[in-house]
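First the structure, in the form of structure tokens, and then the observations on it.
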Amino acid sequence: MVWKRENAGAKLLAGASVVALGMTAQTAFAQDTEEAAAAEDYDNVIVVSGIRASLQRAMDIKRDAQGVVDAISAEDIGKFPDTNLAESLQRITGVSIDRNSGEGSTVTVRGFGPEFNLVLLNGRQMPASGLGSCCEAPASRSFDFANLASEGIAGVEVYKSGRASLPTGGIGSVINIKTPKPLDRPGFQGSIGAKGVLDHTFDGTEITPEISGIISNTFGDDRFGILISGSYQKRRASLAQFNAGWREGYLGNENNWGSLPGTQPADGLTIPPPENDWRVLYVNPNLLNQIENRPDPTDIYQVTQNAGYDFTDIKRERINGQAVLQFQPTDNLSASIDYTYAQNTIDARTNSIGVWFNHENTSSSWTDGPAAGPNFYAEAFGPGKDLAVTGAVAANRTILQSIGGTLEWEGLGGLRVKLDGHHSTSESKPTSPYGSNIAVGNAIFGVQNQVVDFTTDMPVISVNMYPGSEIDASNIRPSGNAFRNAYMKDTINELSLKAGYDFDSSFIDSLDFGATYTENKVRSAYGFLQTDSWGGTLAADELPDDFFTLTDLPSNLAGMSGSQAEGIIPSYFDIDTEGLIEFLDDEVSICSAPWSGTPSGVGCLAEFTVDRRLRERTVSPFIQTTHSFTLGGETPADLRLGLRYEETKVKSSALVPIPIGTSQISYNEIAIIYDNSAADFTTLTGKYDNWLPAIDFSMEPFQDVKLRASYSHTITRPAYNNLDGGLTVASPIRPGGGSTGGAGNPGLLPYKSKNIDLSAEWYYAPASYISVGFFAKNVSNFIGTTTTQSAAFGLTNPGQGAIFQEAVANQPSNAPFAPDASRPGESIIEYVIANYPDAVEYNGSGDPIGILGQSTDPEVIFTLGQPGNSDQTANLTGWEFALQHSFGETGFGTILNYTIVNSDTSYDNSLRYTETQFAVTGVSDSANAVVYYDKNGLQARIAYNWRDEFLSGYGLDPYYVESYGQFDASASYEFNNGLTVFVEGINITNEDRRGHMRNDQTVFFAAPGYARYAAGVRFTW
């Protein structure tokens, strides 16, 4: 291999002339042909492709850029064993990813999470949609990279420092995804590939297909070109996970419902040694309310509210396609039209088994404070306690479509003009008749005692059942259910006119200016159907057993310590959820006549009770100049000065449900009764503007050494739900308090960051460099919540009213709330029917379901929150270290990088939620290590990606995701006829993931990790 050196430093001649289209089925074309043309001047230069060529291209982008830019070429994306772009972007210094359903989904850059990073497609702002959490309208601006396969992507650029000519929205970064154009590679080009993917599943081995192709041709002396690319991917996978819900933090001196009993440590309970497995211990009534190592009075601790195991089967189908027409009638005029389509469909079916705690007859053991964690938490019950058996189906689809056009003209004397516009939409909605997120509850009533062991990586849930209530399908009764229906559509219309002039002077190189108009329209809607019959409806013998298949639990949970522990729940049920829904709708009308919500008449889909419409209109002119000069007469230097002005107008309209009453449906739940016919749209407006300077300076004091300094202002806009109007209150209401509600605020200002970037880079050999960078971000306008304690809509609390209190006083202590033939004693509602018939709520079938709130009952006091810009600021600083080295002609090379991020904010786990805290989430160190071989057609790579523990969120209590690292590997061989065979693996060491709250043992999720493998072929002509 022969390399040439230019006097500016080491260059790999022709390294960008060929982008090898990947060792997977992934395909892409190089866009830059200038270096390919340069290669023709050297007869003794061999055109280099593969890993080294792609690394050289990425290095050249970094080296030649003004400001801090990192890049990854199509070869890098194609060569990594990555399912999507997020899993490739994590290799870049300072970039880490969040995973969803076992795949990379969103990115965090320099400690700033997905909502702080703006994603562009060919320089255009892209819409983002998703269906969010289970119980509210979706609201995130975060772009989900799982919607995009890496096929057809030419490259990705990550802009870490601000730039006046770029759209705003990314304090962490602006990520520009580049797609190929036909005139970049004249002639007839093409590639097609296929691979099979093997993933972890519960029910045996299944290989799913992925196929892709790209074809491009030019005509008329290469003045006209057309390119078409597409990919189709199916994936089948299974995921297991422990989940727990936790009550808010208590102090050790508290003694109220939910907290530990008593105020002093109790004697008599110790943890037996491991050989005497206490998970199967019958909780002796004489030892109830006994605590080992009770938290001290000033210690804070959390008590688990519920815990369970989820077993999810996932089917995913992803379809991507792109078509580009390009026309260049003259050397200085070109036009193009492009269309991009991305469809991502996920069908996830979850079977769960778990326990809930009443916090009455408990026993527990605790670690030391100041934030104490449970070693175990146990409770004993009378005959009526339930073991929850839940089935869920979530079949949702997101479709991204973008059509755009570009017209470019290079005039005389260095004048440049570019007109670009696009219309892009992203729409997410369910594809099943059951909604976007559902839970169909069932139960086995007969838990004698239950315990959760938190001392192992996978917490261990154990239960003992009363005789006759064993974990068997014949003992299952249907209980409550919820069908949630969410919808989100984001539409962006954007028109940009940019112009520039290249000067022939000794100081100013170019003047660039322009303006962009962006209209962003978002619709976010939500509705639900809910039947709050959690105490059970049909008797066990009225529910067919064949809806439930008993399945071994430990074997499907395998992978983490504790998953095979003696005493763990031995089985769960594989549920025919769709069949069960149809049966229950026929029997008890769960979809056609639910207790809450308005059916749409289609399956179990609810009418939208919350419907929010948001429109942002932004006008953003900019101007920037670039300058080249020498310092001291010998040191070349560059300077770019830029200024961007943005004015954004916000209009928010919201249709929200109007509550008209309350109904107590269980001892600890009060349902809200709505009058949907009374709902109406309310409209609020807001406006803000910003001046955003950007300055970049670089110099080359020595050959192949670059020093950089940048200063910029950047912004990130608030999440959509923070801007939405309309007051809503949360359901169900708890009789003892803690009810919440809130409204948005379209007058919010965006987050604003003042950024400093410094770096030193040494490009010491072909495809080799070392760099050190420092960054500092001062961020203001953080969004906090202002809360008030207030009544709302005149809602009253029947749980604290005279009728309910009288019914409780006159009933036996074990009386069921609603009529239940299988449980002894007159119910609470039956007492109310006999004495206060007008105070009873009935469902559509005429069954009594609740006690209506009365005007004489106490009003419900809600904690009502509204977002507002706070005076809190955060200073984030960090260091980025990177090494890329090619070991000469050996074919071996390595990539190493490490990012350190520090924040002057942090969450104090020892403080209760009543003390206001502020912390930036997502802040953590990260690292990558890659070793590769690329020579004589053989390519191999092994990569390790690591991210340290980070605070992922907080409300009343914090949530932490623990440190995680995984190994990926790939290998391929390219034959002389254009045929390539390859193998690849993701997470080949089966690394597990966990998250905890205030203490390492307050685990809120734990999931065993599983490898994913693929093998295939690709043919290029």
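Residues in the structure tokens are named by chain (A, B, ... in the order shown) and by number from 1 within that chain; ligands are numbered from 1 in the order shown.
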
Point to revise | strand (DSSP E or B) per DSSP on the backbone: members of range 114-187 of chain A, as an MDAnalysis selection string | key: chainID A and resid 117:121 124:125 155:159 173:178

For those residues, write N, CA and C atoms to a file as a PDB file, in the first residue's frame.
ATOM      1  N   ASN A 117     -31.119  17.088  21.921  1.00  0.00           N
ATOM      2  CA  ASN A 117     -30.356  16.881  20.689  1.00  0.00           C
ATOM      3  C   ASN A 117     -31.290  16.985  19.497  1.00  0.00           C
ATOM      4  N   LEU A 118     -30.917  17.818  18.533  1.00  0.00           N
ATOM      5  CA  LEU A 118     -31.734  18.042  17.342  1.00  0.00           C
ATOM      6  C   LEU A 118     -31.241  17.150  16.213  1.00  0.00           C
ATOM      7  N   VAL A 119     -32.166  16.486  15.527  1.00  0.00           N
ATOM      8  CA  VAL A 119     -31.821  15.590  14.431  1.00  0.00           C
ATOM      9  C   VAL A 119     -32.259  16.218  13.105  1.00  0.00           C
ATOM     10  N   LEU A 120     -31.327  16.253  12.158  1.00  0.00           N
ATOM     11  CA  LEU A 120     -31.583  16.767  10.820  1.00  0.00           C
ATOM     12  C   LEU A 120     -31.428  15.638   9.804  1.00  0.00           C
ATOM     13  N   LEU A 121     -32.117  15.740   8.694  1.00  0.00           N
ATOM     14  CA  LEU A 121     -31.928  14.850   7.561  1.00  0.00           C
ATOM     15  C   LEU A 121     -31.538  15.720   6.384  1.00  0.00           C
ATOM     16  N   ARG A 124     -32.104  19.297   7.189  1.00  0.00           N
ATOM     17  CA  ARG A 124     -33.490  19.704   7.444  1.00  0.00           C
ATOM     18  C   ARG A 124     -33.951  19.167   8.790  1.00  0.00           C
ATOM     19  N   GLN A 125     -34.698  19.980   9.518  1.00  0.00           N
ATOM     20  CA  GLN A 125     -35.213  19.555  10.805  1.00  0.00           C
ATOM     21  C   GLN A 125     -36.269  18.480  10.608  1.00  0.00           C
ATOM     22  N   GLY A 155     -23.756   9.049   5.566  1.00  0.00           N
ATOM     23  CA  GLY A 155     -22.908   9.481   6.664  1.00  0.00           C
ATOM     24  C   GLY A 155     -23.709  10.231   7.699  1.00  0.00           C
ATOM     25  N   VAL A 156     -23.106  10.422   8.870  1.00  0.00           N
ATOM     26  CA  VAL A 156     -23.726  11.172   9.955  1.00  0.00           C
ATOM     27  C   VAL A 156     -22.684  12.116  10.530  1.00  0.00           C
ATOM     28  N   GLU A 157     -23.094  13.365  10.730  1.00  0.00           N
ATOM     29  CA  GLU A 157     -22.225  14.369  11.321  1.00  0.00           C
ATOM     30  C   GLU A 157     -22.826  14.834  12.641  1.00  0.00           C
ATOM     31  N   VAL A 158     -22.008  14.903  13.673  1.00  0.00           N
ATOM     32  CA  VAL A 158     -22.453  15.349  14.993  1.00  0.00           C
ATOM     33  C   VAL A 158     -21.763  16.668  15.303  1.00  0.00           C
ATOM     34  N   TYR A 159     -22.539  17.754  15.292  1.00  0.00           N
ATOM     35  CA  TYR A 159     -22.030  19.091  15.571  1.00  0.00           C
ATOM     36  C   TYR A 159     -22.174  19.357  17.064  1.00  0.00           C
ATOM     37  N   SER A 173     -26.202  18.570  20.999  1.00  0.00           N
ATOM     38  CA  SER A 173     -25.612  18.469  19.671  1.00  0.00           C
ATOM     39  C   SER A 173     -26.689  18.668  18.623  1.00  0.00           C
ATOM     40  N   VAL A 174     -26.233  18.894  17.411  1.00  0.00           N
ATOM     41  CA  VAL A 174     -27.077  18.819  16.219  1.00  0.00           C
ATOM     42  C   VAL A 174     -26.542  17.668  15.385  1.00  0.00           C
ATOM     43  N   ILE A 175     -27.407  16.689  15.099  1.00  0.00           N
ATOM     44  CA  ILE A 175     -26.997  15.477  14.389  1.00  0.00           C
ATOM     45  C   ILE A 175     -27.588  15.514  12.988  1.00  0.00           C
ATOM     46  N   ASN A 176     -26.737  15.539  11.994  1.00  0.00           N
ATOM     47  CA  ASN A 176     -27.166  15.617  10.599  1.00  0.00           C
ATOM     48  C   ASN A 176     -26.953  14.278   9.905  1.00  0.00           C
ATOM     49  N   ILE A 177     -28.051  13.656   9.504  1.00  0.00           N
ATOM     50  CA  ILE A 177     -28.004  12.388   8.774  1.00  0.00           C
ATOM     51  C   ILE A 177     -27.969  12.699   7.278  1.00  0.00           C
ATOM     52  N   LYS A 178     -26.969  12.174   6.591  1.00  0.00           N
ATOM     53  CA  LYS A 178     -26.801  12.472   5.167  1.00  0.00           C
ATOM     54  C   LYS A 178     -27.134  11.232   4.330  1.00  0.00           C
TER      55      LYS A 178
END

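Residues of range 204-447 of chain A that DSSP, applied to the backbone, places in helix (DSSP H, G or I): A:Trp278, A:Arg279, A:Val280, A:Pro285, A:Asn286, A:Leu287, A:Leu412, A:Gly413, A:Gly414.
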
Revision key, fill the gap. Restricting to only C-alpha atoms, whichever of A:Phe817, A:Phe782, A:Tyr674, A:Tyr763 is closest to Ser533 in chain A is A:Phe817

Point to revise | 12 Å contact set for Ile988 in chain A, only C-alpha atoms, chain neighbours under 2 positions out, as a PyMOL selection string | key: chain A and resi 81+199-200+942-944+965-970+984-986+990-992+1009-1014

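Of the residues listed (A:Gln322, A:Thr921, A:Ser432, A:Asn987), A:Gln322 shows the shortest atom-to-atom separation from Tyr339 in chain A; distances use only C-alpha atoms.
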
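Between CA of Asn100 in chain A and CA of Glu607 in chain A there is a distance of 28.1 Å.
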
Extract, using only C-alpha atoms, all DNA, RNA and protein residues at most 7 Å from Thr179 in chain A, discarding same-chain residues fewer than 5 positions from it, and format them as a CSV table (one decimal) with N, CA and C atoms, in the first residue's frame.
chain,number,residue,atom,x,y,z
A,122,ASN,N,-30.3,15.6,5.9
A,122,ASN,CA,-29.7,16.5,4.9
A,122,ASN,C,-29.9,17.9,5.2
A,152,GLY,N,-28.8,2.8,3.2
A,152,GLY,CA,-29.1,4.0,2.4
A,152,GLY,C,-28.6,5.3,3.1
A,153,ILE,N,-27.8,5.2,4.2
A,153,ILE,CA,-27.3,6.4,4.8
A,153,ILE,C,-25.9,6.6,4.4
A,154,ALA,N,-25.5,7.8,3.9
A,154,ALA,CA,-24.2,8.0,3.4
A,154,ALA,C,-23.2,8.4,4.6
A,155,GLY,N,-23.8,9.0,5.6
A,155,GLY,CA,-22.9,9.5,6.7
A,155,GLY,C,-23.7,10.2,7.7

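Nearest to Pro657 in chain A of all the residues A:Leu183, A:Ile756, A:Ile828, A:Ile672 is A:Ile672, counting only C-alpha atoms.
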
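Proximity ranking of A:Thr786, A:Thr298, A:Gln328, A:Asn843 relative to Leu911 in chain A places A:Thr298 first, based on only C-alpha atoms.
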
If you count only C-alpha atoms, which residues fall within 10 Å of Ser771 in chain A, apart from same-chain ones fewer than 5 positions away, as a PDB file with C-alpha atoms, in the first residue's frame?
ATOM      1  CA  VAL A 705      -1.456  19.847  14.787  1.00  0.00           C
ATOM      2  CA  LYS A 706      -4.695  21.794  15.209  1.00  0.00           C
ATOM      3  CA  LEU A 707      -5.797  23.928  18.137  1.00  0.00           C
ATOM      4  CA  SER A 759      -9.417  21.152  21.704  1.00  0.00           C
ATOM      5  CA  ALA A 760      -5.992  20.065  20.556  1.00  0.00           C
ATOM      6  CA  GLU A 761      -5.592  17.494  17.752  1.00  0.00           C
ATOM      7  CA  TRP A 762      -2.535  15.824  16.250  1.00  0.00           C
ATOM      8  CA  TYR A 763      -2.953  14.034  12.912  1.00  0.00           C
ATOM      9  CA  GLU A 880     -13.026  14.211  25.648  1.00  0.00           C
ATOM     10  CA  PHE A 881     -10.012  12.020  24.875  1.00  0.00           C
ATOM     11  CA  ALA A 882      -9.730  10.189  21.555  1.00  0.00           C
ATOM     12  CA  LEU A 883      -7.118   8.027  19.858  1.00  0.00           C
ATOM     13  CA  GLN A 884      -7.399   6.507  16.400  1.00  0.00           C
ATOM     14  CA  ASN A 897     -12.133   7.330  23.391  1.00  0.00           C
TER      15      ASN A 897
END

Point to revise | Within 6 Å of Met465 in chain A using only C-alpha atoms, minus same-chain residues under 2 positions, as a list in words | key: Gly446, Val447, Gln448, Ser469 and Glu470 of chain A

Practice item. Compile the contact shell of range 710-713 of chain A as a PyMOL selection string: residues with an atom at most 10 Å away, counting only C-alpha atoms, same-chain residues fewer than 4 positions apart removed. Key: chain A and resi 66-68+161-164+168+171+639-644+690-698+752-759+775-779

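Distance annotation: of A:Thr796, A:Pro819, A:Gly514, A:Ala473, the residue with the minimal separation from Asp546 in chain A is A:Ala473; atom set is only C-alpha atoms.
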
Study note, to complete from the structure: In Å and to one decimal, CA of Glu647 in chain A is distant from CA of Arg416 in chain A by 25.8 Å
